[in-house]
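**Q** Quick one, query_1.txt (compact mmCIF, C-alpha atoms):
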```txt
# COMPACT_ATOMS: atom_id res chain seq x y z
CA MET A 1 119.37 35.76 52.89
CA LYS A 2 122.25 38.03 51.93
CA LEU A 3 119.91 41.06 52.01
CA ARG A 4 118.64 40.05 55.42
CA ALA A 5 122.15 39.61 56.73
CA HIS A 6 123.12 42.98 55.29
CA LEU A 7 120.19 44.70 57.04
CA VAL A 8 121.06 43.05 60.34
CA SER A 9 124.63 44.24 59.92
CA LEU A 10 123.51 47.81 59.21
CA CYS A 11 121.19 47.79 62.23
CA GLY A 12 123.98 46.56 64.42
CA LEU A 13 126.33 49.25 63.11
CA ALA A 14 123.69 51.94 63.67
CA ALA A 15 123.16 50.78 67.24
CA LEU A 16 126.91 50.81 67.84
CA VAL A 17 127.22 54.37 66.46
CA ALA A 18 124.27 55.57 68.53
CA PHE A 19 125.81 54.06 71.66
CA ALA A 20 129.17 55.68 70.91
CA LEU A 21 127.58 59.10 70.31
CA ALA A 22 125.54 58.87 73.46
CA PHE A 23 128.64 58.02 75.47
CA ALA A 24 130.67 60.78 73.84
CA PHE A 25 128.14 63.54 74.52
CA ALA A 26 126.80 62.39 77.89
CA PRO A 27 127.70 64.96 80.58
CA SER A 28 130.39 63.80 82.96
CA SER A 29 129.99 64.15 86.69
CA ALA A 30 132.25 67.20 86.48
CA GLN A 31 129.97 68.79 83.85
CA ILE A 32 126.66 68.19 85.57
CA GLY A 33 127.31 70.60 88.47
CA PRO A 34 124.84 71.59 91.22
CA ALA A 35 121.11 71.38 90.73
CA ARG A 36 119.40 74.64 89.85
CA SER A 37 117.33 76.49 92.43
CA TYR A 38 115.31 79.65 91.96
CA LEU A 39 114.78 82.80 94.00
CA THR A 40 112.31 85.59 93.28
CA ILE A 41 112.67 89.09 94.70
CA ALA A 42 109.37 91.00 94.59
CA THR A 43 110.06 94.72 94.22
CA GLY A 44 107.65 97.42 93.04
CA GLY A 45 106.93 99.45 89.94
CA THR A 46 109.64 100.03 87.35
CA SER A 47 109.67 103.78 88.05
CA GLY A 48 110.51 103.34 91.73
CA THR A 49 113.61 102.49 93.74
CA TYR A 50 112.95 98.85 94.55
CA PHE A 51 113.04 97.49 91.01
CA PRO A 52 116.54 98.62 89.93
CA ILE A 53 118.05 97.71 93.30
CA GLY A 54 116.21 94.38 93.29
CA GLN A 55 117.62 93.66 89.84
CA ALA A 56 121.14 94.39 91.10
CA ILE A 57 120.70 92.12 94.11
CA ALA A 58 119.38 89.33 91.86
CA LEU A 59 122.43 89.67 89.61
CA ILE A 60 124.80 89.61 92.58
CA VAL A 61 123.39 86.54 94.32
CA SER A 62 122.76 84.42 91.20
CA HIS A 63 125.26 81.61 90.70
CA PRO A 64 124.68 79.88 87.36
CA ARG A 65 127.32 77.49 86.08
CA GLY A 66 130.12 79.03 84.04
CA VAL A 67 129.97 82.62 85.33
CA GLU A 68 133.57 83.68 85.81
CA ARG A 69 133.09 86.03 88.73
CA CYS A 70 131.38 83.24 90.72
CA ALA A 71 134.58 81.18 90.63
CA HIS A 72 135.85 83.21 93.58
CA GLU A 73 134.80 82.18 97.07
CA ALA A 74 131.60 83.77 98.41
CA VAL A 75 131.22 86.27 95.55
CA CYS A 76 127.91 84.76 94.40
CA GLY A 77 125.10 82.98 96.19
CA PRO A 78 124.74 79.22 96.55
CA PRO A 79 125.87 77.25 93.44
CA GLY A 80 123.02 76.73 90.99
CA LEU A 81 120.91 79.61 92.32
CA ILE A 82 119.05 81.68 89.69
CA ALA A 83 117.57 84.86 91.18
CA SER A 84 115.26 87.33 89.46
CA ALA A 85 113.52 90.58 90.37
CA ARG A 86 109.88 90.99 89.52
CA THR A 87 107.59 94.01 89.59
CA SER A 88 104.73 94.17 92.07
CA ALA A 89 102.04 96.46 93.44
CA GLY A 90 104.36 97.46 96.28
CA ALA A 91 105.29 96.84 99.90
CA VAL A 92 101.91 95.73 101.28
CA ALA A 93 101.45 93.23 98.46
CA ASN A 94 105.05 92.06 98.91
CA VAL A 95 104.63 91.31 102.62
CA LEU A 96 101.40 89.40 101.97
CA SER A 97 103.08 87.39 99.19
CA VAL A 98 106.06 86.45 101.35
CA ASN A 99 103.86 85.48 104.28
CA ARG A 100 101.71 83.27 102.04
CA GLY A 101 104.75 81.64 100.45
CA GLN A 102 103.92 82.99 96.99
CA VAL A 103 107.40 84.53 96.73
CA THR A 104 110.47 83.75 98.80
CA THR A 105 111.85 87.28 99.24
CA ALA A 106 110.80 90.88 98.68
CA LEU A 107 111.61 94.48 99.47
CA ALA A 108 109.31 96.36 101.82
CA GLN A 109 109.13 99.54 103.90
CA SER A 110 109.91 99.24 107.59
CA ASP A 111 106.65 100.91 108.65
CA VAL A 112 104.68 98.47 106.50
CA VAL A 113 106.57 95.48 107.95
CA SER A 114 105.86 96.79 111.44
CA GLU A 115 102.13 96.97 110.72
CA ALA A 116 102.22 93.50 109.17
CA LEU A 117 103.74 91.89 112.25
CA ALA A 118 101.19 93.60 114.50
CA GLY A 119 98.21 93.01 112.20
CA THR A 120 97.35 96.72 112.20
CA GLY A 121 96.91 99.41 109.53
CA SER A 122 96.80 97.82 106.11
CA PHE A 123 96.80 94.35 107.68
CA VAL A 124 93.77 94.56 109.95
CA LYS A 125 91.77 92.31 107.64
CA ALA A 126 94.61 89.86 106.85
CA GLY A 127 95.82 89.70 110.46
CA LYS A 128 99.34 89.27 111.81
CA GLN A 129 101.87 88.17 109.21
CA THR A 130 103.80 85.60 111.24
CA HIS A 131 106.01 84.05 108.54
CA VAL A 132 107.97 87.19 107.66
CA ARG A 133 111.67 87.36 108.53
CA ALA A 134 114.42 89.85 107.61
CA ILE A 135 117.62 89.43 105.65
CA ALA A 136 118.90 93.01 105.87
CA ASN A 137 118.09 96.62 106.57
CA LEU A 138 119.00 98.27 103.26
CA PHE A 139 118.57 102.01 102.72
CA PRO A 140 116.52 105.04 103.87
CA GLU A 141 113.26 105.91 102.14
CA PRO A 142 112.14 109.51 102.62
CA VAL A 143 108.51 110.39 102.03
CA HIS A 144 108.11 112.68 99.01
CA VAL A 145 105.07 114.93 98.69
CA VAL A 146 105.32 116.27 95.15
CA ALA A 147 103.05 119.17 94.23
CA SER A 148 102.33 120.99 90.97
CA VAL A 149 103.64 124.57 91.03
CA ASN A 150 100.24 125.64 89.74
CA ALA A 151 98.36 124.09 92.68
CA ARG A 152 99.81 126.51 95.27
CA ILE A 153 100.40 123.78 97.83
CA LYS A 154 102.86 124.94 100.49
CA SER A 155 102.09 122.44 103.27
CA VAL A 156 100.43 119.07 103.74
CA SER A 157 97.39 120.91 105.14
CA ASP A 158 96.92 122.51 101.72
CA LEU A 159 96.11 119.07 100.23
CA ARG A 160 92.49 119.40 101.40
CA GLY A 161 90.23 119.36 98.37
CA LYS A 162 93.10 118.65 95.98
CA ARG A 163 93.56 115.81 93.48
CA VAL A 164 96.20 113.59 95.05
CA SER A 165 97.61 110.21 93.99
CA ILE A 166 98.85 107.87 96.72
CA ASP A 167 99.97 105.03 94.40
CA ASP A 168 98.55 101.50 94.25
CA PRO A 169 96.27 100.55 97.19
CA ASN A 170 98.64 97.66 98.00
CA SER A 171 101.76 99.82 97.97
CA GLY A 172 103.74 101.00 100.93
CA THR A 173 103.36 104.54 99.65
CA ALA A 174 99.56 104.34 99.98
CA ALA A 175 99.79 103.07 103.55
CA THR A 176 102.23 105.79 104.56
CA ALA A 177 100.38 108.54 102.70
CA LEU A 178 97.15 107.78 104.58
CA SER A 179 99.09 107.92 107.85
CA VAL A 180 100.52 111.33 106.88
CA LEU A 181 97.10 112.71 105.99
CA GLY A 182 95.65 111.35 109.22
CA ALA A 183 98.40 112.97 111.29
CA TYR A 184 97.49 116.32 109.72
CA ARG A 185 93.84 115.56 110.54
CA ILE A 186 92.84 115.35 106.91
CA SER A 187 90.20 112.71 106.31
CA LYS A 188 90.70 110.74 103.11
CA TRP A 189 87.21 111.92 102.16
CA ARG A 190 88.53 115.51 102.13
CA VAL A 191 91.04 114.67 99.40
CA LYS A 192 90.30 113.56 95.83
CA ILE A 193 92.42 110.43 96.01
CA SER A 194 93.56 108.43 93.01
CA HIS A 195 95.74 105.34 92.77
CA VAL A 196 98.24 105.64 89.94
CA SER A 197 101.96 104.92 89.84
CA ALA A 198 104.48 107.72 90.23
CA ASP A 199 105.33 107.86 86.53
CA VAL A 200 101.65 108.08 85.55
CA ALA A 201 101.10 110.68 88.30
CA ALA A 202 103.94 112.76 86.86
CA GLN A 203 102.32 112.67 83.42
CA GLN A 204 98.92 113.64 84.83
CA MET A 205 100.46 116.52 86.77
CA GLN A 206 101.98 117.92 83.58
CA THR A 207 98.62 117.84 81.81
CA GLY A 208 96.81 119.50 84.71
CA LYS A 209 94.88 116.41 85.80
CA LEU A 210 96.60 116.01 89.17
CA ASP A 211 97.68 118.45 91.90
CA ALA A 212 100.05 116.30 93.95
CA PHE A 213 101.31 112.79 94.58
CA PHE A 214 103.06 110.84 97.31
CA PHE A 215 106.09 108.65 96.79
CA VAL A 216 108.09 106.75 99.40
CA GLY A 217 111.50 105.70 98.17
CA GLY A 218 115.15 106.46 97.79
CA ALA A 219 116.10 109.91 96.57
CA PRO A 220 116.59 111.15 93.96
CA MET A 221 113.66 109.74 92.04
CA PRO A 222 114.12 110.36 88.29
CA VAL A 223 110.56 111.42 87.47
CA VAL A 224 110.50 113.82 90.42
CA ARG A 225 113.88 115.25 89.47
CA ASP A 226 112.65 115.82 85.91
CA LEU A 227 109.49 117.60 87.06
CA ILE A 228 111.40 119.89 89.40
CA ALA A 229 114.15 120.59 86.86
CA ARG A 230 111.56 121.78 84.35
CA GLY A 231 109.78 123.96 86.89
CA LYS A 232 106.64 121.84 86.93
CA ALA A 233 106.71 120.65 90.55
CA THR A 234 108.02 121.34 94.01
CA LEU A 235 108.51 119.29 97.18
CA VAL A 236 106.17 119.91 100.11
CA PRO A 237 107.66 119.55 103.61
CA ILE A 238 106.27 117.23 106.26
CA ASP A 239 106.90 119.29 109.38
CA GLY A 240 105.32 121.04 112.35
CA ALA A 241 102.67 119.60 114.65
CA GLY A 242 101.49 117.13 112.01
CA ARG A 243 104.90 115.51 111.86
CA LYS A 244 105.08 115.30 115.65
CA ARG A 245 101.75 113.49 115.76
CA LEU A 246 102.83 111.19 112.93
CA LEU A 247 106.11 110.19 114.59
CA ALA A 248 104.36 109.63 117.90
CA SER A 249 101.88 107.22 116.32
CA LYS A 250 104.27 105.50 113.88
CA LYS A 251 107.39 104.40 115.73
CA SER A 252 108.82 102.77 112.58
CA LEU A 253 109.00 106.19 110.91
CA SER A 254 111.66 108.74 111.81
CA SER A 255 112.54 112.35 111.07
CA ALA A 256 114.31 112.77 107.74
CA VAL A 257 115.64 115.48 105.47
CA ILE A 258 115.87 115.45 101.69
CA VAL A 259 119.11 117.38 101.59
CA GLN A 260 119.86 120.39 99.43
CA GLY A 261 121.10 119.42 96.00
CA THR A 262 119.26 116.11 95.85
CA TYR A 263 116.80 117.78 93.48
CA PRO A 264 117.48 120.84 91.26
CA ASN A 265 116.95 124.27 92.82
CA THR A 266 115.71 122.69 96.05
CA GLY A 267 117.03 123.36 99.55
CA ASN A 268 116.69 121.06 102.54
CA VAL A 269 113.17 119.62 102.79
CA GLU A 270 111.95 118.37 106.17
CA THR A 271 110.08 115.09 105.95
CA VAL A 272 109.83 111.65 107.54
CA GLY A 273 111.27 108.39 106.37
CA ALA A 274 111.15 104.62 106.58
CA ARG A 275 113.81 102.01 105.80
CA ALA A 276 113.81 99.49 102.96
CA ILE A 277 114.01 95.98 104.38
CA TRP A 278 114.86 92.82 102.43
CA ILE A 279 112.35 90.33 103.82
CA VAL A 280 112.13 86.56 103.38
CA SER A 281 109.82 83.69 104.23
CA ASP A 282 110.64 81.82 107.43
CA SER A 283 110.53 78.61 105.38
CA ALA A 284 113.47 79.65 103.17
CA PRO A 285 116.44 77.25 103.63
CA ASN A 286 119.05 78.52 106.07
CA ASP A 287 121.96 77.77 103.73
CA MET A 288 120.35 79.68 100.88
CA VAL A 289 119.68 82.77 102.99
CA TYR A 290 123.19 82.60 104.44
CA GLY A 291 124.66 82.39 100.94
CA VAL A 292 122.76 85.35 99.49
CA THR A 293 123.48 87.51 102.54
CA ARG A 294 127.19 86.76 102.29
CA ALA A 295 127.19 87.53 98.55
CA LEU A 296 125.31 90.81 98.94
CA PHE A 297 127.99 92.19 101.24
CA ASN A 298 131.01 90.79 99.44
CA ARG A 299 133.25 93.73 98.57
CA ALA A 300 133.68 92.41 95.05
CA ASN A 301 130.00 93.15 94.40
CA ARG A 302 129.93 96.71 95.75
CA GLN A 303 130.26 98.38 92.37
CA LEU A 304 127.43 96.31 90.85
CA LEU A 305 125.22 97.36 93.74
CA VAL A 306 125.90 101.10 93.80
CA GLN A 307 125.52 101.42 90.03
CA SER A 308 121.86 100.36 90.28
CA HIS A 309 120.54 103.48 92.04
CA PRO A 310 122.02 106.28 94.20
CA SER A 311 120.16 104.91 97.25
CA ALA A 312 122.16 101.69 97.02
CA ARG A 313 125.21 103.58 98.29
CA ALA A 314 123.52 103.57 101.70
CA ILE A 315 123.44 99.75 101.85
CA THR A 316 126.16 98.84 104.34
CA LEU A 317 127.10 95.71 106.23
CA SER A 318 127.34 97.52 109.56
CA ALA A 319 123.70 98.71 109.36
CA ALA A 320 122.25 95.55 107.81
CA PRO A 321 121.29 93.63 110.98
CA LYS A 322 119.99 96.73 112.80
CA GLU A 323 116.41 98.01 112.93
CA THR A 324 115.14 95.27 110.64
CA VAL A 325 111.73 95.39 112.40
CA ALA A 326 111.11 91.70 111.60
CA PRO A 327 113.23 89.01 113.30
CA LEU A 328 116.35 88.07 111.37
CA HIS A 329 116.19 84.83 109.41
CA PRO A 330 118.56 82.25 110.97
CA GLY A 331 120.59 82.09 107.75
CA ALA A 332 121.19 85.85 107.76
CA ALA A 333 121.90 85.86 111.49
CA ARG A 334 124.53 83.17 110.99
CA TYR A 335 126.43 85.41 108.56
CA TYR A 336 126.21 88.47 110.83
CA ARG A 337 127.57 86.40 113.73
CA GLU A 338 130.47 85.22 111.56
CA VAL A 339 131.49 88.81 110.80
CA GLY A 340 131.13 89.90 114.41
CA LEU A 341 127.97 92.00 114.11
CA LEU A 342 125.88 89.72 116.30
CA LYS A 343 126.77 87.97 119.50
CA ASN A 344 126.42 84.19 119.60
```
Would you mind giving the structure from this file in structure tokens?
**A**
Amino acid sequence: MKLRAHLVSLCGLAALVAFALAFAFAPSSAQIGPARSYLTIATGGTSGTYFPIGQAIALIVSHPRGVERCAHEAVCGPPGLIASARTSAGAVANVLSVNRGQVTTALAQSDVVSEALAGTGSFVKAGKQTHVRAIANLFPEPVHVVASVNARIKSVSDLRGKRVSIDDPNSGTAATALSVLGAYRISKWRVKISHVSADVAAQQMQTGKLDAFFFVGGAPMPVVRDLIARGKATLVPIDGAGRKRLLASKKSLSSAVIVQGTYPNTGNVETVGARAIWIVSDSAPNDMVYGVTRALFNRANRQLLVQSHPSARAITLSAAPKETVAPLHPGAARYYREVGLLKN
């Protein structure tokens, strides 16, 4: 009986200790904080412009508990938000993913977004992408035509019969490259087209396996700068009658110049350009989109943004709601109205 009583006593003491420990370490209402939510930003390949800038945006808008800089009003996105950038095949794939609800946000070229809304070009088969909205117009994206110095390519017309990479078939670069070739009346069957990323294309060019490649993105692009600096490549202009035809058929493209000094030993290069647009699903919560838009343009985050890539310097609040191609998401529009950039 004494042993039984002793065991009962020990069990009771153990229960009491367990209860006390549970109470002591249970999170208080002040510790629990807001529920976590997640946001993905689809970008592009790691060698391009979208990925580093997407990473910077994800860092800026994330608002996990305990981050000191988020203690200040409007510096971070909505409390509990965890944002991340992920690689992708490129702008065409990004638009399709946002429209299908597979990702909430993405970066995409303005000319690709324009085709998506109209159901033309790369979206003839998929049809009009009706669930795509815009958060912000970000930065210019000039079209680079990079040619091996050994290939003797002086103009786009010289690409006939050459080995040319136009990036992944689902990239914005591929869509734009085909438009450029078409404007110069070069059938894709007259070019030996391959689909490799810019960094792989640069490697193939150095080993003599490739004559040229297209890249649409913010300048300077590191792999292009390296090739030019070592005398391996040159930039080919997009100019003349071909450019006139291209701009007449693609209203979302505009005249552009890769200015002298952007790349080593290179003067001004005439070309065309698109704009990088931060797009979002129309089903994204208004408060979330409002919060990330406000955080992106908070002055406290400017340094984080511009350190990601030189093109990020062109991201400005005044330009953000303009020429977005897609309709603004209501959450983003709310912020732009608050700061006086949109009328009520």
**Q** Using only C-alpha atoms, which of the listed residues (A:Gly242, A:Gly127, A:Pro79, A:Gly101) sits closest to Leu181 in chain A?
**A** A:Gly242
**Q** Give me the residues near Leu159 in chain A as a ChimeraX atom specification, where near means some atom within 8 Å (using all atoms listed in the file) and where sequence neighbours in that chain fewer than 4 positions away do not count.
**A** /A:153,155,163-164,191,212
**Q** Hey, which of A:Gly208, A:Pro321, A:Pro222, A:Gly240 ends up closest to Val339 in chain A? Count only C-alpha atoms.
**A**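 Among A:Gly208, A:Pro321, A:Pro222, A:Gly240, it is A:Pro321 that comes nearest to Val339 in chain A.
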**Q** Using the file's own x, y and z axes, what box holds all listed atoms of range 161-166 of chain A with 5 Å on each side, keeping edges along x, y and z, and what are its centre and edge lengths in Å to one decimal, as JSON?
**A**
```
{"center_x": 94.5, "center_y": 113.6, "center_z": 95.9, "size_x": 18.6, "size_y": 21.5, "size_z": 14.9}
```
**Q** Could you state the separation of CA of Gly291 in chain A and CA of Leu81 in chain A in Å, given to one decimal place?
**A** 9.8 Å
**Q** Can you tell me, as a ChimeraX atom specification, what residues are no more than 9 Å from Thr130 in chain A when counting all atoms listed in the file, ignoring any on the same chain fewer than 5 positions away?
**A** /A:99,116-117,282
**Q** If you count all atoms listed in the file, which residues fall within 12 Å of Lys188 in chain A, apart from same-chain ones fewer than 4 positions away, as a VMD selection string?
**A** chain A and resid 159 to 166 174 to 175 177 to 184 192 to 194
**Q** In Å, with one decimal, what is the gap from CA of Ala229 in chain A to CA of Asn265 in chain A?
**A** 7.5 Å
**Q** If we count only C-alpha atoms, what is near range 56-69 of chain A at a cut-off of 10 Å, once residues fewer than 5 positions away on the same chain are taken out, given as an MDAnalysis selection string?
**A** chainID A and resid 31:41 50:51 74:86 288 291:298 300:302 304:309 312
**Q** Output C-alpha atoms for every residue in that selection, as a CSV table (one decimal), in the coordinates of the input.
**A**
```
chain,number,residue,atom,x,y,z
A,31,GLN,CA,130.0,68.8,83.8
A,32,ILE,CA,126.7,68.2,85.6
A,33,GLY,CA,127.3,70.6,88.5
A,34,PRO,CA,124.8,71.6,91.2
A,35,ALA,CA,121.1,71.4,90.7
A,36,ARG,CA,119.4,74.6,89.8
A,37,SER,CA,117.3,76.5,92.4
A,38,TYR,CA,115.3,79.6,92.0
A,39,LEU,CA,114.8,82.8,94.0
A,40,THR,CA,112.3,85.6,93.3
A,41,ILE,CA,112.7,89.1,94.7
A,50,TYR,CA,113.0,98.8,94.6
A,51,PHE,CA,113.0,97.5,91.0
A,74,ALA,CA,131.6,83.8,98.4
A,75,VAL,CA,131.2,86.3,95.6
A,76,CYS,CA,127.9,84.8,94.4
A,77,GLY,CA,125.1,83.0,96.2
A,78,PRO,CA,124.7,79.2,96.6
A,79,PRO,CA,125.9,77.2,93.4
A,80,GLY,CA,123.0,76.7,91.0
A,81,LEU,CA,120.9,79.6,92.3
A,82,ILE,CA,119.0,81.7,89.7
A,83,ALA,CA,117.6,84.9,91.2
A,84,SER,CA,115.3,87.3,89.5
A,85,ALA,CA,113.5,90.6,90.4
A,86,ARG,CA,109.9,91.0,89.5
A,288,MET,CA,120.4,79.7,100.9
A,291,GLY,CA,124.7,82.4,100.9
A,292,VAL,CA,122.8,85.4,99.5
A,293,THR,CA,123.5,87.5,102.5
A,294,ARG,CA,127.2,86.8,102.3
A,295,ALA,CA,127.2,87.5,98.6
A,296,LEU,CA,125.3,90.8,98.9
A,297,PHE,CA,128.0,92.2,101.2
A,298,ASN,CA,131.0,90.8,99.4
A,300,ALA,CA,133.7,92.4,95.0
A,301,ASN,CA,130.0,93.2,94.4
A,302,ARG,CA,129.9,96.7,95.8
A,304,LEU,CA,127.4,96.3,90.8
A,305,LEU,CA,125.2,97.4,93.7
A,306,VAL,CA,125.9,101.1,93.8
A,307,GLN,CA,125.5,101.4,90.0
A,308,SER,CA,121.9,100.4,90.3
A,309,HIS,CA,120.5,103.5,92.0
A,312,ALA,CA,122.2,101.7,97.0
```
**Q** In Å to one decimal, how far is CA of Ala134 in chain A from CA of Ala333 in chain A?
**A**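 One can read the CA of Ala333 in chain A to CA of Ala134 in chain A distance as 9.3 Å.
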**Q** Nearest to Pro285 in chain A among A:Arg225, A:His144, A:Arg243, A:His329, with distances taken over all atoms listed in the file: which residue is it?
**A**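 Comparing A:Arg225, A:His144, A:Arg243, A:His329 against Pro285 in chain A, the winner is A:His329.
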**Q** Taking the partial coordinates given, rebuild range 85-109 of chain A to contain N, CA and C atoms; return it as a compact mmCIF listing (two decimals), in the coordinates of the input.
**A**
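So part20.txt came out as:
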```txt
# COMPACT_ATOMS: atom_id res chain seq x y z
N ALA A 85 114.38 89.56 89.78
CA ALA A 85 113.52 90.58 90.37
C ALA A 85 112.24 90.67 89.55
N ARG A 86 111.14 90.84 90.24
CA ARG A 86 109.88 90.99 89.52
C ARG A 86 109.13 92.20 90.05
N THR A 87 108.37 92.85 89.18
CA THR A 87 107.59 94.01 89.59
C THR A 87 106.42 93.55 90.46
N SER A 88 105.88 94.49 91.22
CA SER A 88 104.73 94.17 92.07
C SER A 88 103.96 95.44 92.35
N ALA A 89 102.85 95.30 93.08
CA ALA A 89 102.04 96.46 93.44
C ALA A 89 102.70 97.28 94.53
N GLY A 90 103.67 96.71 95.25
CA GLY A 90 104.36 97.46 96.28
C GLY A 90 104.49 96.71 97.59
N ALA A 91 104.87 97.45 98.64
CA ALA A 91 105.29 96.84 99.90
C ALA A 91 104.21 96.01 100.58
N VAL A 92 102.98 96.49 100.62
CA VAL A 92 101.91 95.73 101.28
C VAL A 92 101.70 94.40 100.56
N ALA A 93 101.61 94.46 99.25
CA ALA A 93 101.45 93.23 98.46
C ALA A 93 102.65 92.31 98.65
N ASN A 94 103.84 92.88 98.75
CA ASN A 94 105.05 92.06 98.91
C ASN A 94 105.04 91.29 100.23
N VAL A 95 104.67 91.98 101.31
CA VAL A 95 104.63 91.31 102.62
C VAL A 95 103.61 90.18 102.60
N LEU A 96 102.44 90.44 102.05
CA LEU A 96 101.40 89.40 101.97
C LEU A 96 101.90 88.21 101.16
N SER A 97 102.59 88.47 100.05
CA SER A 97 103.08 87.39 99.19
C SER A 97 104.14 86.55 99.89
N VAL A 98 105.04 87.20 100.62
CA VAL A 98 106.06 86.45 101.35
C VAL A 98 105.43 85.62 102.45
N ASN A 99 104.49 86.21 103.18
CA ASN A 99 103.86 85.48 104.28
C ASN A 99 103.09 84.26 103.79
N ARG A 100 102.49 84.38 102.61
CA ARG A 100 101.71 83.27 102.04
C ARG A 100 102.58 82.25 101.31
N GLY A 101 103.87 82.55 101.16
CA GLY A 101 104.75 81.64 100.45
C GLY A 101 104.66 81.73 98.95
N GLN A 102 104.04 82.82 98.43
CA GLN A 102 103.92 82.99 96.99
C GLN A 102 105.22 83.46 96.36
N VAL A 103 106.03 84.18 97.11
CA VAL A 103 107.40 84.53 96.73
C VAL A 103 108.29 84.28 97.93
N THR A 104 109.57 84.05 97.68
CA THR A 104 110.47 83.75 98.80
C THR A 104 110.97 85.02 99.46
N THR A 105 111.33 86.04 98.67
CA THR A 105 111.85 87.28 99.24
C THR A 105 111.21 88.48 98.57
N ALA A 106 111.37 89.64 99.23
CA ALA A 106 110.80 90.88 98.68
C ALA A 106 111.44 92.06 99.38
N LEU A 107 111.23 93.24 98.82
CA LEU A 107 111.61 94.48 99.47
C LEU A 107 110.35 95.14 100.02
N ALA A 108 110.48 95.74 101.19
CA ALA A 108 109.31 96.36 101.82
C ALA A 108 109.75 97.47 102.76
N GLN A 109 108.86 98.44 102.98
CA GLN A 109 109.13 99.54 103.90
C GLN A 109 109.05 99.06 105.34
```
